[in-house]
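Asks: Quick one: the structure is below, and I'll ask about it shortly.
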Amino acid sequence: MHCTDEELLLHVDGELSALTERRVKNHLKSCWRCRTRLSQYEEQIHRLTTRMDEWPFPPPEWSKEAKQRLERRLQDFEVGFSESPSPRFPQWAVRGALAAALILCLGGGFLWMRQSRQLRPAEVIAQTTVLERTLYEQPVHQKFSVKIAQIRPVAKAVSTELEIWCDRGSGKFASRLSENGGAIKHALWRPSVDEEFVYRPAVSRSVIRRSPHRETPVRLVSLADNGLEVEQLEAGFMQWLESRSWTPISFASDISTWSAEDGTIVRAERVHDEQGSPLFRITAERKSRRMVAVLTVEVESHNYWPRLQKLRFETPEQAVDFSLQTTSIRPVRPAEIASVVYPPDLTPATGTTAAIPRRDEVPAFPAQPAPDDIDNEPASAEIEAHYALHKAGACLGQAVRVSQDSDGTWIWKLAGESGAQVEGFTTPVAIEHVLGALADLREAPPVGIQLPAEDSRPLAVALRHAWAMERLALRFPRERSSSMSAGSRRLLALMLREHAEAARKAYSELGMPAAARAERLPAPPDWQQSASDLFASLARLQELLQVQPASDDLARLGRTIDSRMQSIVAALSREARQGAAQRGESRRP
Amino acid sequence: MKQEDATRLVASLFDEWAPFLLRYGVRMTRSFEIADDLVQEVFLALYIALRKGKRIDNLKAWTFGALRNQVLKHAQYLERRAEDLEPSEELDLIAAQPCWPDVAAGFDEGAPLDLSVLSVREEEALLLRMQSFKYREIASQLGISTKSVCTLLARALKKLQIASRHPELARRRRSAWEVS
């Protein structure tokens, strides 16, 4: 077989493998044709090389000139170049060091990533604690679905619903455990610090007043003290509820108490719920001779919102799950709490003691507040409407627009001249109440007193606030305000306090003399009178300042004003105490 | 490497390889001016590398590789420029190029005519082979296999044989190549 062109070329260039080389050589010895082709190749190469050598390009003068140019550039380079004085490491050493550094970096990074990916239970608990503390500082309503499920020996479950209202500021608290059908299984409420009521139909058909408890809270693990039957566990849960110190249920505090004890194994992991949203799950396991108890808390991974608290008790014979699933946690208005947590009607069952009531007594239990409840009480709705407008600043002359949609009644603040809606909020109060309150606010002050909203001089500001208080006093005279519900009174006090403080602040900017303690004027009988006095004094002050800036009357007026401002809120709270005392007397036989 | 050693080495290498590198550069960039610049850059880079103590195992391969990289960079630069420039500006650029007209003319006049019948790849391989590059080195420079180098060279020689027998064919091929 003849040689290919490639083989001939490789043979010429000496690039053939030994075996092929021998074969090609043997072939060439015997084959004229291939030898001819080979010689043609060699001739071609020879010609090409000769021609290349004869090629006058580039001319010698270029080579010379280019070399000179290069030498200049090399010298230029040397000017800025300084040889490193330190001995150079051999290349292999530099490469080795680099590789080692890279491995260290990668290893470190990997470890760091593992470290950062690792979820620390303490951190999750701390974050949840912070969130819950913030949430529960204000009045709050919690709703949980409670499930007690026995897994061994027989599978059975009881589902109930737990609702808790709590206002830490006023000490009000209510909790209610009810069947899904609505029947109440257990209820607790505390209208004020020294009044506590329990309703537990399984024990007593009537509400029981109990003395303020000071006992230490039952620990979660004690839920199982009565036994691991579903009913026993539920009874344990009710005891636990009663022993708690009138606070919202806090998953974080439960698990931190639980995990702080010796021998508890705490783990944290990332999980997903059925909808696929990521959760953090903290599991704290405790073993005793009798049983294994595992407390699990799940919080949302992005904001640590508490989702689930589950307690599992396991013995060789029995296993039971107790879980609290968060349905809703929302802040509420103090008024709503007030309407839930009121003193129940405690007609004693037997006439001697409330502790042993008649079984057929109709339980007096606070119903869940419906928004309508608030509207049913005329003064309450009116106060709510006034409060909503107060929040918008309408009582000081801020222009507002009132509208209604499915969300409730909207109150929009309007910008000064353009009349554009700046910001708005909704209130559950019916629009007619808001419009009624708005009409009240339009009432003009007595003749001779001007209250332009844009006047920002201290006296004008103080006068505007005083007029707002005077208007409230006119609208809610003593006979109305004394019969108000606690929630309404609270809103009224809130408005009055804000106005009084603002008026005082503005007044203090005037630099008028304050009332000395010795010559404090006798307080008027009620806040309405104080407000009226205050407004009249301020109006008189304005008048005097315009007519005769230096007068004896000024000092007297100053004392009146200062003293009235102090007495308004004090009078209102005095009234509230009196009202509560009267009601308490009338209800007790 | 010390300054004197590096200067001496680079000077000797320049004498030996600069003409070849310049020819190669002109063939690839179609511009004497640019090829001249690139050759300067390559030798300067070689000098800097030597002065900084970089270890170069195969000086010839390194130098040719550096030039080839420079040529490719230049081609990319031209491509980008072509995108930025209006057609009229491109014409200006071309007109401004030659400043060594006699030298540039020498390239065309005295060149072995046969080379023009080759494809760029074939020519590259052939030029490298004529500079005594081994097949393996050519392959690594061009980024192809040794077998392909052999094929390219064989084909190039075949074409040159035909061209030497029929010069008019070579001339026609050449003009076609330049147009393309």
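Letters A, B, ... go to the chains of the structure tokens in the order shown; residues in each chain start at 1; ligands are counted from 1 in the same order.
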Could you build a table of the residues in chain A lying no more than 10 Å from chain B, giving for each the nearest pair of atoms and their separation in Å rounded to one decimal place, using only C-alpha atoms, ordered by chain and ascending residue number, as a tab-separated table?

Replies:
residue	atom	partner	partner_atom	distance
A:Thr4	CA	B:Ala154	CA	9.5
A:Asp5	CA	B:Ala154	CA	6.0
A:Glu6	CA	B:Ala154	CA	5.7
A:Glu7	CA	B:Cys150	CA	8.6
A:Leu8	CA	B:Ala154	CA	8.7
A:Leu9	CA	B:Ala154	CA	6.5
A:Leu10	CA	B:Cys150	CA	7.2
A:Asp13	CA	B:Lys134	CA	8.8
A:Gly14	CA	B:Lys134	CA	9.9
A:Glu15	CA	B:Tyr135	CA	7.7
A:Gln40	CA	B:Gln161	CA	8.2
A:Tyr41	CA	B:Leu157	CA	7.1
A:Glu42	CA	B:Leu157	CA	9.7
A:Glu43	CA	B:Gln161	CA	9.4
A:Gln44	CA	B:Gln161	CA	6.5
A:Ile45	CA	B:Leu157	CA	7.6
A:Arg47	CA	B:Pro112	CA	9.7
A:Leu48	CA	B:Pro112	CA	7.5
A:Thr49	CA	B:Met130	CA	7.3
A:Thr50	CA	B:Pro112	CA	9.6
A:Arg51	CA	B:Pro112	CA	5.9
A:Met52	CA	B:Pro112	CA	6.6
A:Asp53	CA	B:Pro112	CA	9.9
A:Glu54	CA	B:Gly110	CA	8.3
A:Trp55	CA	B:Gly110	CA	5.5
A:Pro56	CA	B:Gly110	CA	6.2
A:Phe57	CA	B:Phe107	CA	5.2
A:Pro58	CA	B:Pro19	CA	6.0
A:Pro59	CA	B:Val103	CA	6.8
A:Pro60	CA	B:Pro19	CA	9.2
A:Glu61	CA	B:Val103	CA	9.5
A:Trp62	CA	B:Val103	CA	8.0
A:Ser63	CA	B:Pro19	CA	7.3
A:Lys64	CA	B:Asp15	CA	8.9
A:Ala66	CA	B:Gln40	CA	7.6
A:Lys67	CA	B:Phe14	CA	7.3
A:Gln68	CA	B:Ala11	CA	9.7
A:Arg69	CA	B:Gln40	CA	8.1
A:Leu70	CA	B:Gln40	CA	6.2
A:Glu71	CA	B:Thr7	CA	8.0
A:Arg73	CA	B:Leu44	CA	7.3
A:Leu74	CA	B:Leu44	CA	6.6
A:Gln75	CA	B:Thr7	CA	9.4
A:Phe77	CA	B:Ile48	CA	8.1
A:Glu78	CA	B:Gln3	CA	8.3
A:Phe81	CA	B:Arg51	CA	9.2
A:Ser82	CA	B:Lys52	CA	9.7
A:Glu83	CA	B:Lys52	CA	7.7
A:Ser84	CA	B:Lys52	CA	8.7
A:Arg88	CA	B:Gly53	CA	8.5
A:Pro90	CA	B:Gly53	CA	9.7
A:Gln91	CA	B:Arg55	CA	8.1

Asks: Now that the selection is made, can you save its residues with N, CA and C atoms as a compact mmCIF listing (two decimals), in the first residue's frame?

Replies:
# COMPACT_ATOMS: atom_id res chain seq x y z
N THR A 4 0.64 7.70 2.38
CA THR A 4 -0.21 8.90 2.21
C THR A 4 0.68 10.14 2.24
N ASP A 5 0.12 11.28 1.81
CA ASP A 5 0.86 12.55 1.85
C ASP A 5 1.35 12.85 3.27
N GLU A 6 0.43 12.61 4.22
CA GLU A 6 0.77 12.91 5.62
C GLU A 6 1.95 12.07 6.09
N GLU A 7 1.89 10.77 5.71
CA GLU A 7 2.97 9.88 6.15
C GLU A 7 4.31 10.32 5.55
N LEU A 8 4.26 10.72 4.30
CA LEU A 8 5.50 11.16 3.66
C LEU A 8 6.05 12.40 4.37
N LEU A 9 5.14 13.32 4.68
CA LEU A 9 5.55 14.55 5.33
C LEU A 9 6.11 14.26 6.72
N LEU A 10 5.39 13.40 7.44
CA LEU A 10 5.86 13.05 8.79
C LEU A 10 7.23 12.36 8.70
N ASP A 13 9.81 14.98 8.16
CA ASP A 13 10.03 15.79 9.36
C ASP A 13 10.48 14.95 10.56
N GLY A 14 10.55 13.64 10.36
CA GLY A 14 11.00 12.79 11.45
C GLY A 14 10.01 12.70 12.60
N GLU A 15 8.72 12.81 12.30
CA GLU A 15 7.73 12.81 13.36
C GLU A 15 6.96 11.50 13.44
N GLN A 40 9.51 15.13 -4.54
CA GLN A 40 8.77 16.34 -4.91
C GLN A 40 8.52 17.20 -3.67
N TYR A 41 8.14 16.53 -2.62
CA TYR A 41 7.91 17.25 -1.36
C TYR A 41 9.17 17.98 -0.92
N GLU A 42 10.29 17.23 -0.95
CA GLU A 42 11.53 17.81 -0.46
C GLU A 42 11.96 18.99 -1.32
N GLU A 43 11.70 18.81 -2.62
CA GLU A 43 12.03 19.89 -3.55
C GLU A 43 11.18 21.12 -3.25
N GLN A 44 9.94 20.86 -3.00
CA GLN A 44 9.01 21.95 -2.68
C GLN A 44 9.46 22.70 -1.41
N ILE A 45 9.84 21.92 -0.42
CA ILE A 45 10.26 22.51 0.85
C ILE A 45 11.53 23.34 0.63
N ARG A 47 12.51 24.73 -2.15
CA ARG A 47 12.19 25.94 -2.89
C ARG A 47 11.58 27.00 -1.96
N LEU A 48 10.69 26.53 -1.15
CA LEU A 48 9.99 27.45 -0.24
C LEU A 48 10.98 28.11 0.71
N THR A 49 11.85 27.30 1.27
CA THR A 49 12.82 27.84 2.23
C THR A 49 13.73 28.85 1.54
N THR A 50 14.18 28.52 0.36
CA THR A 50 15.05 29.43 -0.36
C THR A 50 14.33 30.74 -0.62
N ARG A 51 13.09 30.60 -1.13
CA ARG A 51 12.33 31.81 -1.45
C ARG A 51 12.14 32.67 -0.21
N MET A 52 11.86 31.99 0.90
CA MET A 52 11.65 32.73 2.15
C MET A 52 12.92 33.49 2.53
N ASP A 53 14.06 32.80 2.41
CA ASP A 53 15.32 33.45 2.79
C ASP A 53 15.62 34.63 1.87
N GLU A 54 15.18 34.49 0.61
CA GLU A 54 15.46 35.57 -0.35
C GLU A 54 14.47 36.71 -0.24
N TRP A 55 13.42 36.46 0.47
CA TRP A 55 12.36 37.50 0.58
C TRP A 55 12.96 38.73 1.25
N PRO A 56 12.90 39.85 0.56
CA PRO A 56 13.56 41.04 1.10
C PRO A 56 12.79 41.69 2.23
N PHE A 57 11.68 41.10 2.61
CA PHE A 57 10.85 41.73 3.65
C PHE A 57 11.09 41.04 4.97
N PRO A 58 11.24 41.72 6.06
CA PRO A 58 11.43 43.17 6.14
C PRO A 58 12.86 43.58 5.79
N PRO A 59 13.02 44.76 5.25
CA PRO A 59 14.35 45.21 4.84
C PRO A 59 15.27 45.36 6.05
N PRO A 60 16.58 45.21 5.87
CA PRO A 60 17.51 45.27 7.00
C PRO A 60 17.41 46.58 7.77
N GLU A 61 17.07 47.68 7.07
CA GLU A 61 17.01 48.96 7.79
C GLU A 61 15.86 48.95 8.82
N TRP A 62 14.78 48.21 8.47
CA TRP A 62 13.69 48.11 9.47
C TRP A 62 14.19 47.42 10.72
N SER A 63 14.90 46.30 10.50
CA SER A 63 15.37 45.51 11.63
C SER A 63 16.23 46.37 12.54
N LYS A 64 17.11 47.17 11.91
CA LYS A 64 18.01 48.00 12.68
C LYS A 64 17.23 49.04 13.49
N ALA A 66 14.03 49.13 14.20
CA ALA A 66 13.10 48.55 15.18
C ALA A 66 13.86 48.11 16.42
N LYS A 67 15.07 47.58 16.22
CA LYS A 67 15.85 47.13 17.37
C LYS A 67 16.22 48.31 18.26
N GLN A 68 16.58 49.43 17.61
CA GLN A 68 16.91 50.63 18.38
C GLN A 68 15.70 51.10 19.20
N ARG A 69 14.56 51.07 18.52
CA ARG A 69 13.34 51.50 19.20
C ARG A 69 13.09 50.62 20.43
N LEU A 70 13.28 49.33 20.20
CA LEU A 70 13.04 48.41 21.30
C LEU A 70 13.99 48.69 22.47
N GLU A 71 15.26 48.94 22.13
CA GLU A 71 16.23 49.19 23.20
C GLU A 71 15.86 50.43 24.01
N ARG A 73 12.86 51.50 24.48
CA ARG A 73 11.70 51.16 25.33
C ARG A 73 12.14 50.33 26.53
N LEU A 74 13.13 49.48 26.29
CA LEU A 74 13.62 48.66 27.41
C LEU A 74 14.25 49.56 28.47
N GLN A 75 15.00 50.58 27.99
CA GLN A 75 15.61 51.50 28.95
C GLN A 75 14.55 52.30 29.71
N PHE A 77 11.67 51.32 30.37
CA PHE A 77 11.07 50.42 31.36
C PHE A 77 11.94 50.32 32.60
N GLU A 78 13.26 50.29 32.40
CA GLU A 78 14.18 50.13 33.53
C GLU A 78 14.11 51.31 34.50
N PHE A 81 11.44 50.59 36.89
CA PHE A 81 11.46 49.24 37.45
C PHE A 81 12.54 49.11 38.50
N SER A 82 12.20 48.63 39.66
CA SER A 82 13.22 48.38 40.68
C SER A 82 13.15 46.92 41.04
N GLU A 83 14.33 46.31 41.00
CA GLU A 83 14.38 44.88 41.31
C GLU A 83 14.05 44.68 42.76
N SER A 84 13.22 43.73 43.03
CA SER A 84 12.84 43.46 44.41
C SER A 84 14.06 43.05 45.21
N ARG A 88 13.85 36.21 45.99
CA ARG A 88 12.61 35.71 45.41
C ARG A 88 12.40 34.27 45.84
N PRO A 90 11.24 30.59 45.20
CA PRO A 90 11.09 29.79 43.98
C PRO A 90 9.60 29.67 43.63
N GLN A 91 9.37 29.55 42.33
CA GLN A 91 7.99 29.53 41.85
C GLN A 91 7.15 28.45 42.54

Asks: Within 9 Å of Leu441 (chain A), counting only C-alpha atoms, which residues qualify if same-chain residues fewer than 2 places away don't, as a list in words?

Replies: His386, Ala394, Cys395, Leu396, Gly397, Gly436, Ala437, Leu438, Ala439, Glu443, Ala444, Ala468 and Arg471 of chain A
